[in-house]
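Asks: This is the structure I want to talk about, given as C-alpha cells.
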Amino acid sequence: MSEAVTHIDPTNTSTGLDSRKLGMWIFLVTEVMLFSSLIGAFLQMKGRSPADANQVLNVPVTAVNTFILIVSSTTVVLALQAIMNGDRRRLKLFLAATLALGATFLGVQIYEYSMLLHEGFTPSGSLFGGGFYTVTGFHGFHVFIGLLWCAGLLVEALKERFSPSNYMRIEIFGLYWHYVDVVWIILFTIIYLI
Amino acid sequence: MSENQPVAENESVASHPANVPTDKLHKRHPNYLLVFLSLAVLTAVEVGITYVPQIPQAPVLLALSVFKALLVIMYFMHLRYDSKWFAFIFFIPFVLVIPMLIVLRIG
C-alpha cells in the first residue's frame, strides 16, 4: 500500500511564527514552572535550616563552573551566528566547544557531589542537603540532556546538514541551552551566595 | 531543501530563497562578546560582594542574578529582537511564579 507523504512547512503558519520555535518557547514555559516549584521548595527547606547551612559548599569552584556554563552559552550563540553567516567550520568548532564546556560543567558538579558526600553532606542528612541535591540534580540532568542533544547536532554538522537556510534546529537547541544557563545563574545565587 | 540533505560546501548563500532577512535577528547580531564579558564581570562582582558584609547581600545579589538572567534571555535567546509573542508567552508564568516565591520565602 502506498502512503502519501505530506511535507508541512513549519514556517508557513497563520501566526507567522515558526511552529518549532513556538513549541520550544511553550516547552520553556513548562520548565519555568518546574524549576520555580523546585526553587520554592528549596527556599522553604533553606528557611528551616541553620543560616550557615551552605558554608559546606565550595563557592570558588562553583563560581568557576558558573563561568564555564556562561562561556558555553556564548559558544552556542556564536555557533548559530556562524551558520547564519554560512561558516560551517566555525559552526562545528563552536558546537564542539559547547560540548566540551558542558561536559566540564557536569564533571565538576559530579566532583563537587563526591567531595560533599565524602564530608558527610548527604541528601538525607539535612533539609538543606535534600533541597540542594534535588535542585542541582534536576539542573544537572537538564545539562546532561543538552549534552546528548549537542552531540547529535555536532554529528549532523560534521555531515554538512546545516546551512544559512537550515539552522532552526541549532537555534532551538540554543534556546534550551541558554535556559539551562539562566536557571543556573539563579541557582548559583540562591544556593551558594545568599 | 530537505532538512536531512547534506549541503554542498560551495553552495551559494545568496541563492537560498529563505536567506532573505525575515526578522531583526538577520539584520544585525547583538555584540555577543560584550554580553559575555558583562556576564563574566557580574559573576565576579557577585562573588566579591559575599566578602563584603556591609553590603546587603540578598537584595543586591538577587538583583544582579536577575539582571544576568535577563541579559541571557534578551540577547542570547534573542527575545529583544524576536517576535513579541515569544516574550509574551515566556513571561506569562512569572505572573504566578513571582508571587509564589515571595509567599514561600516569607512563609
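How things are named: the first chain in the C-alpha cells is A, the next is B, and so on; residues count from 1 in each chain; ligands count from 1 in the order shown.
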For His139 in chain A, list every protein, DNA or RNA residue within 8 Å, evaluated using only C-alpha atoms, and leave out those in the same chain fewer than 3 positions away; present the list as a PyMOL selection string.
Replies: chain A and resi 135-136+142-143+180+183-184
Asks: Please, could you write that set of residues out with C-alpha atoms as an mmCIF file, in the first residue's frame?
Replies:
data_model
loop_
_atom_site.group_PDB
_atom_site.id
_atom_site.type_symbol
_atom_site.label_atom_id
_atom_site.label_comp_id
_atom_site.auth_asym_id
_atom_site.auth_seq_id
_atom_site.Cartn_x
_atom_site.Cartn_y
_atom_site.Cartn_z
ATOM 1 C CA VAL A 135 17.547 21.264 42.690
ATOM 2 C CA THR A 136 21.136 20.898 41.449
ATOM 3 C CA HIS A 142 18.993 19.056 32.066
ATOM 4 C CA VAL A 143 22.660 19.729 31.265
ATOM 5 C CA VAL A 180 19.620 25.916 31.405
ATOM 6 C CA VAL A 183 18.397 28.579 35.688
ATOM 7 C CA TRP A 184 21.971 28.064 36.900
#
Asks: Which residues, written as a list in words, have at least one atom at most 6 Å from range 53-68 of chain B, with only C-alpha atoms counted and residues fewer than 3 positions away on the same chain left out?
Replies: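 Answer for this query is Ile186 and Ile194 of chain A; Leu71 of chain B.
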Asks: Based on only C-alpha atoms, which of the residues in chain A come within 9 Å of chain B? I want them as a PyMOL selection string.
Replies: chain A and resi 17+21-22+25-26+28-30+32-33+36-37+39-41+43-44+47+59-60+63+66-67+70-71+73-74+76-78+81+84-86+88+156+159-166+171+174-175+178-179+181-183+185-186+188-190+193-194
Asks: List the neighbours of Leu95 in chain A out to 7 Å using only C-alpha atoms; skip same-chain residues closer than 4 positions along the sequence, and give me the result as a list in words.
Replies: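 With the cut-off at 7 Å, the set is Val76, Ala79, Leu91, Leu99, Cys150 and Leu154 of chain A.
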Asks: Could you save those same residues with N, CA and C atoms as an mmCIF file, in the first residue's frame?
Replies:
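Just written: result11.cif:
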data_model
loop_
_atom_site.group_PDB
_atom_site.id
_atom_site.type_symbol
_atom_site.label_atom_id
_atom_site.label_comp_id
_atom_site.auth_asym_id
_atom_site.auth_seq_id
_atom_site.Cartn_x
_atom_site.Cartn_y
_atom_site.Cartn_z
ATOM 1 N N VAL A 76 27.407 28.627 22.044
ATOM 2 C CA VAL A 76 26.193 28.208 21.315
ATOM 3 C C VAL A 76 25.695 29.341 20.415
ATOM 4 N N ALA A 79 27.880 29.722 17.528
ATOM 5 C CA ALA A 79 27.637 28.651 16.546
ATOM 6 C C ALA A 79 26.463 29.027 15.648
ATOM 7 N N LEU A 91 30.826 26.704 12.880
ATOM 8 C CA LEU A 91 29.676 26.020 13.497
ATOM 9 C C LEU A 91 30.154 24.770 14.228
ATOM 10 N N LEU A 99 30.052 21.370 23.664
ATOM 11 C CA LEU A 99 30.016 20.001 24.196
ATOM 12 C C LEU A 99 31.091 19.827 25.271
ATOM 13 N N CYS A 150 23.414 18.239 21.949
ATOM 14 C CA CYS A 150 24.522 18.945 21.290
ATOM 15 C C CYS A 150 25.391 17.960 20.496
ATOM 16 N N LEU A 154 26.208 18.080 16.579
ATOM 17 C CA LEU A 154 27.592 18.118 16.088
ATOM 18 C C LEU A 154 27.813 17.055 15.008
#
Asks: Return the single residue from A:Leu101, A:Leu147, A:Ile8, A:Glu119 that is closest to Arg20 in chain A, with distances computed using only C-alpha atoms.
Replies: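 Among the listed residues, the smallest separation from Arg20 in chain A belongs to A:Ile8.
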